[in-house]
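**Student:** Structure file structure-v1.cif (mmCIF, C-alpha atoms) right here:
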data_coords
#
loop_
_atom_site.group_PDB
_atom_site.id
_atom_site.type_symbol
_atom_site.label_atom_id
_atom_site.label_comp_id
_atom_site.auth_asym_id
_atom_site.auth_seq_id
_atom_site.Cartn_x
_atom_site.Cartn_y
_atom_site.Cartn_z
ATOM 1 C CA MET L 1040 184.051 151.845 -85.074
ATOM 2 C CA SER L 1041 186.378 149.392 -83.366
ATOM 3 C CA VAL L 1042 185.827 145.738 -82.588
ATOM 4 C CA VAL L 1043 187.345 144.529 -79.325
ATOM 5 C CA GLY L 1044 187.183 141.368 -77.258
ATOM 6 C CA VAL L 1045 184.421 139.377 -78.947
ATOM 7 C CA LYS L 1046 183.023 137.095 -76.237
ATOM 8 C CA GLN L 1047 181.021 134.874 -78.551
ATOM 9 C CA PRO L 1048 180.074 135.059 -82.215
ATOM 10 C CA PRO L 1049 176.822 136.962 -82.715
ATOM 11 C CA ARG L 1050 173.847 134.912 -83.839
ATOM 12 C CA PRO L 1051 171.979 135.653 -87.075
ATOM 13 C CA THR L 1052 168.550 137.215 -86.607
ATOM 14 C CA GLU L 1053 165.586 138.490 -88.617
ATOM 15 C CA VAL L 1054 164.950 142.226 -88.824
ATOM 16 C CA HIS L 1055 161.553 143.738 -89.646
ATOM 17 C CA SER L 1056 160.800 147.392 -90.424
ATOM 18 C CA ILE L 1057 157.195 148.128 -89.504
ATOM 19 C CA PRO L 1058 155.554 151.482 -90.372
ATOM 20 C CA CYS L 1059 154.624 152.532 -86.860
ATOM 21 C CA SER L 1060 155.992 154.167 -83.747
ATOM 22 C CA ILE L 1061 155.732 152.414 -80.398
ATOM 23 C CA ASP L 1062 156.479 154.364 -77.246
ATOM 24 C CA HIS L 1063 158.004 151.443 -75.339
ATOM 25 C CA ASP L 1064 161.553 150.432 -74.507
ATOM 26 C CA GLY L 1065 161.842 146.941 -73.119
ATOM 27 C CA PRO L 1066 160.627 143.389 -73.514
ATOM 28 C CA ALA L 1067 157.408 142.817 -75.443
ATOM 29 C CA ASN L 1068 155.383 139.798 -76.488
ATOM 30 C CA VAL L 1069 155.630 140.722 -80.178
ATOM 31 C CA ASN L 1070 154.451 137.303 -81.414
ATOM 32 C CA SER L 1071 151.005 138.054 -79.972
ATOM 33 C CA PHE L 1072 150.591 141.194 -82.091
ATOM 34 C CA PHE L 1073 152.748 140.667 -85.210
ATOM 35 C CA LEU L 1074 151.400 137.703 -87.170
ATOM 36 C CA VAL L 1075 153.135 136.705 -90.426
ATOM 37 C CA GLU L 1076 151.040 134.615 -92.836
ATOM 38 C CA ASP L 1077 152.491 131.583 -94.577
ATOM 39 C CA ALA L 1078 152.438 131.641 -98.374
ATOM 40 C CA THR L 1079 149.996 129.318 -100.090
ATOM 41 C CA PRO L 1080 151.398 126.279 -101.978
ATOM 42 C CA GLU L 1081 150.626 128.053 -105.276
ATOM 43 C CA GLU L 1082 152.500 131.188 -104.147
ATOM 44 C CA MET L 1083 155.532 129.135 -103.078
ATOM 45 C CA THR L 1084 156.133 128.251 -106.750
ATOM 46 C CA LEU L 1085 156.646 131.947 -107.601
ATOM 47 C CA SER L 1086 160.188 133.351 -107.630
ATOM 48 C CA GLU L 1087 159.159 135.840 -104.935
ATOM 49 C CA ALA L 1088 156.237 134.646 -102.845
ATOM 50 C CA PRO L 1089 154.227 137.559 -101.436
ATOM 51 C CA LEU L 1090 154.809 138.385 -97.771
ATOM 52 C CA ARG L 1091 151.741 139.236 -95.731
ATOM 53 C CA ALA L 1092 151.307 139.975 -92.042
ATOM 54 C CA HIS L 1093 149.013 141.619 -89.534
ATOM 55 C CA PHE L 1094 150.086 143.946 -86.753
ATOM 56 C CA ARG L 1095 147.457 144.939 -84.218
ATOM 57 C CA GLY L 1096 144.733 144.318 -86.796
ATOM 58 C CA ARG L 1097 146.368 146.152 -89.706
ATOM 59 C CA PHE L 1098 147.163 144.271 -92.898
ATOM 60 C CA LEU L 1099 150.803 144.612 -94.042
ATOM 61 C CA GLU L 1100 152.579 143.658 -97.270
ATOM 62 C CA GLY L 1101 156.278 142.962 -97.045
ATOM 63 C CA GLU L 1102 159.408 142.723 -99.127
ATOM 64 C CA PHE L 1103 162.795 141.323 -98.077
ATOM 65 C CA VAL L 1104 165.566 143.837 -98.794
ATOM 66 C CA ARG L 1105 169.087 142.389 -98.855
ATOM 67 C CA LEU L 1106 172.006 144.550 -97.714
ATOM 68 C CA PRO L 1107 174.529 145.487 -100.432
ATOM 69 C CA GLU L 1108 177.484 143.185 -101.105
ATOM 70 C CA GLY L 1109 180.159 143.633 -98.444
ATOM 71 C CA CYS L 1110 177.763 145.056 -95.824
ATOM 72 C CA GLU L 1111 176.611 143.304 -92.674
ATOM 73 C CA GLY L 1112 173.919 144.573 -90.331
ATOM 74 C CA VAL L 1113 174.368 144.361 -86.575
ATOM 75 C CA CYS L 1114 171.991 144.687 -83.623
ATOM 76 C CA THR L 1115 173.676 146.193 -80.584
ATOM 77 C CA SER L 1116 172.911 147.062 -77.004
ATOM 78 C CA PRO L 1117 174.730 149.317 -74.540
ATOM 79 C CA GLY L 1118 177.403 147.455 -72.628
ATOM 80 C CA CYS L 1119 180.397 147.912 -70.375
ATOM 81 C CA ALA L 1120 183.746 148.637 -71.990
ATOM 82 C CA PRO L 1121 186.087 145.649 -71.774
ATOM 83 C CA MET L 1122 189.454 145.495 -70.085
ATOM 84 C CA VAL L 1123 192.503 145.847 -72.355
ATOM 85 C CA ASP L 1124 195.888 144.925 -70.840
ATOM 86 C CA GLY L 1125 194.315 145.004 -67.372
ATOM 87 C CA GLN L 1126 192.913 148.522 -67.822
ATOM 88 C CA PRO L 1127 189.350 149.506 -68.743
ATOM 89 C CA LEU L 1128 189.036 150.737 -72.317
ATOM 90 C CA VAL L 1129 188.354 154.489 -72.233
ATOM 91 C CA VAL L 1130 185.454 155.345 -74.556
ATOM 92 C CA ASP L 1131 182.453 157.669 -74.458
ATOM 93 C CA ARG L 1132 180.029 154.899 -75.421
ATOM 94 C CA PHE L 1133 180.347 151.170 -75.833
ATOM 95 C CA HIS L 1134 177.878 148.811 -77.523
ATOM 96 C CA GLU L 1135 177.965 145.038 -77.677
ATOM 97 C CA VAL L 1136 176.970 143.250 -80.875
ATOM 98 C CA ARG L 1137 174.072 140.923 -80.042
ATOM 99 C CA SER L 1138 173.169 139.632 -83.501
ATOM 100 C CA THR L 1139 173.781 140.094 -87.208
ATOM 101 C CA PHE L 1140 171.544 140.239 -90.274
ATOM 102 C CA GLU L 1141 171.888 140.161 -94.066
ATOM 103 C CA GLY L 1142 168.782 142.197 -94.817
ATOM 104 C CA ALA L 1143 165.429 143.297 -93.472
ATOM 105 C CA THR L 1144 161.786 142.726 -94.287
ATOM 106 C CA VAL L 1145 160.165 146.098 -94.997
ATOM 107 C CA TRP L 1146 156.427 146.130 -94.268
ATOM 108 C CA GLN L 1147 153.948 148.662 -95.721
ATOM 109 C CA HIS L 1148 150.254 149.155 -95.007
ATOM 110 C CA ASP L 1149 149.294 152.237 -96.962
ATOM 111 C CA ARG L 1150 151.396 152.134 -100.128
ATOM 112 C CA GLN L 1151 152.835 149.755 -102.674
ATOM 113 C CA LYS L 1152 156.133 148.105 -101.877
ATOM 114 C CA GLY L 1153 159.018 149.621 -103.751
ATOM 115 C CA THR L 1154 162.094 151.772 -103.412
ATOM 116 C CA ASP L 1155 160.515 154.802 -101.691
ATOM 117 C CA ASP L 1156 160.832 153.595 -98.090
ATOM 118 C CA PRO L 1157 163.683 154.858 -95.836
ATOM 119 C CA LEU L 1158 165.617 151.562 -95.914
ATOM 120 C CA HIS L 1159 165.730 151.429 -99.725
ATOM 121 C CA ARG L 1160 166.810 155.086 -99.848
ATOM 122 C CA ALA L 1161 169.552 154.560 -97.225
ATOM 123 C CA LEU L 1162 170.921 151.512 -99.045
ATOM 124 C CA ALA L 1163 170.974 153.470 -102.309
ATOM 125 C CA TRP L 1164 173.361 155.931 -100.630
ATOM 126 C CA VAL L 1165 175.629 153.069 -99.536
ATOM 127 C CA GLU L 1166 175.855 151.841 -103.114
ATOM 128 C CA LEU L 1167 176.369 155.383 -104.437
ATOM 129 C CA ALA L 1168 179.175 156.054 -101.923
ATOM 130 C CA ALA L 1169 180.883 152.797 -102.880
ATOM 131 C CA ALA L 1170 180.710 153.720 -106.567
ATOM 132 C CA ILE L 1171 182.149 157.205 -105.919
ATOM 133 C CA HIS L 1172 185.053 155.899 -103.841
ATOM 134 C CA ASP L 1173 186.031 153.002 -106.119
#
As a first step, turn the structure in this file into structure tokens.

**Tutor:**
Amino acid sequence: MSVVGVKQPPRPTEVHSIPCSIDHDGPANVNSFFLVEDATPEEMTLSEAPLRAHFRGRFLEGEFVRLPEGCEGVCTSPGCAPMVDGQPLVVDRFHEVRSTFEGATVWQHDRQKGTDDPLHRALAWVELAAAIHD
């Protein structure tokens, strides 16, 4: 992956992994359907306050999963290749970085939170690869 011609620094964003599939590609009024509950004052005193939400009527329990040290997540969208020395950059595909993130909130509705979800498993491979190549 190459980084070329950054127009503006990407803004930090929140990323949520929700256990569902939505057949839609485009804008959506997510805040009307995905409702995150605030922790109670008693829960705020805990080292890890429980995360709870509702999505289209289903109760979800969440856990924030931080990316491994040295990794940064990016959200991209298809874009037009920039000009380099007055000529368009020749590439098969070009994506622009829209935002960055340090981790994601993984939401579950039918099982206990833990390390069995796809994000935890993928991040375990990142850490394993780093250990092998050090």

**Student:** Have a look at L:Ser1138, L:Ser1056, L:Asn1070, L:Gln1047 and name the one nearest to L:Thr1115; count all atoms listed in the file.

**Tutor:**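 The answer is L:Ser1138, which sits nearest to L:Thr1115.
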
**Student:** Identify all residues satisfying the PyMOL selection byres ((chain L and resi 1058) around 7) in the given file; provide them as number ranges by chain.

**Tutor:** L: 1056-1057, 1059, 1146-1147

**Student:** I would like the residues chosen by the PyMOL selection byres ((chain L and resi 1110) around 10) on the shown file; could you give them as a count of residues only?

**Tutor:** 13

**Student:** For the file shown, what are the residues hit by the PyMOL selection byres ((chain L and resi 1116) around 10), laid out as a ChimeraX atom specification?

**Tutor:** /L:1114-1115,1117-1118,1133-1138

**Student:** For a test of reading the model, state the distance in Å between atom CA of L:Val1130 and atom CA of L:Ala1169, rounded to one decimal.

**Tutor:**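 Pair atom CA of L:Val1130 / atom CA of L:Ala1169 returns 28.8 Å.
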
**Student:** What is the atom CA of L:Ala1067-atom CA of L:Val1145 distance in Å, reported with one decimal?

**Tutor:**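 It comes out at 20.0 Å.
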
**Student:** Around stretch 1091-1095 of chain L, with edges along x, y and z and 3 Å added on all six sides, what centre and edge lengths do you get, in Å to one decimal, as lines of an AutoDock Vina configuration file?

**Tutor:**
center_x = 149.6
center_y = 142.1
center_z = -90.0
size_x = 10.3
size_y = 11.7
size_z = 17.5

**Student:** Quick check, in Å to one decimal: how far apart do atom CA of L:His1159 and atom CA of L:Val1054 lie?

**Tutor:**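 Computing the Euclidean distance for atom CA of L:His1159 and atom CA of L:Val1054 yields 14.3 Å.
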
**Student:** Of the candidates L:Val1104, L:Gln1126, L:Asp1131, L:Leu1099, which shows the shortest atom-to-atom distance to L:Ala1161, using all atoms listed in the file?

**Tutor:** L:Val1104

**Student:** Could you check which of L:Asp1173, L:Asp1077, L:Asp1064, L:Glu1102 is closest to L:Ala1143, using all atoms listed in the file?

**Tutor:** L:Glu1102

**Student:** Considering all atoms listed in the file, return as a PyMOL selection string whatever protein or nucleic-acid residues lie within 12 Å of L:Pro1089, sequence-local ones (same chain, fewer than 6 positions apart) excluded.

**Tutor:** chain L and resi 1075-1083+1099-1103+1144+1146+1152
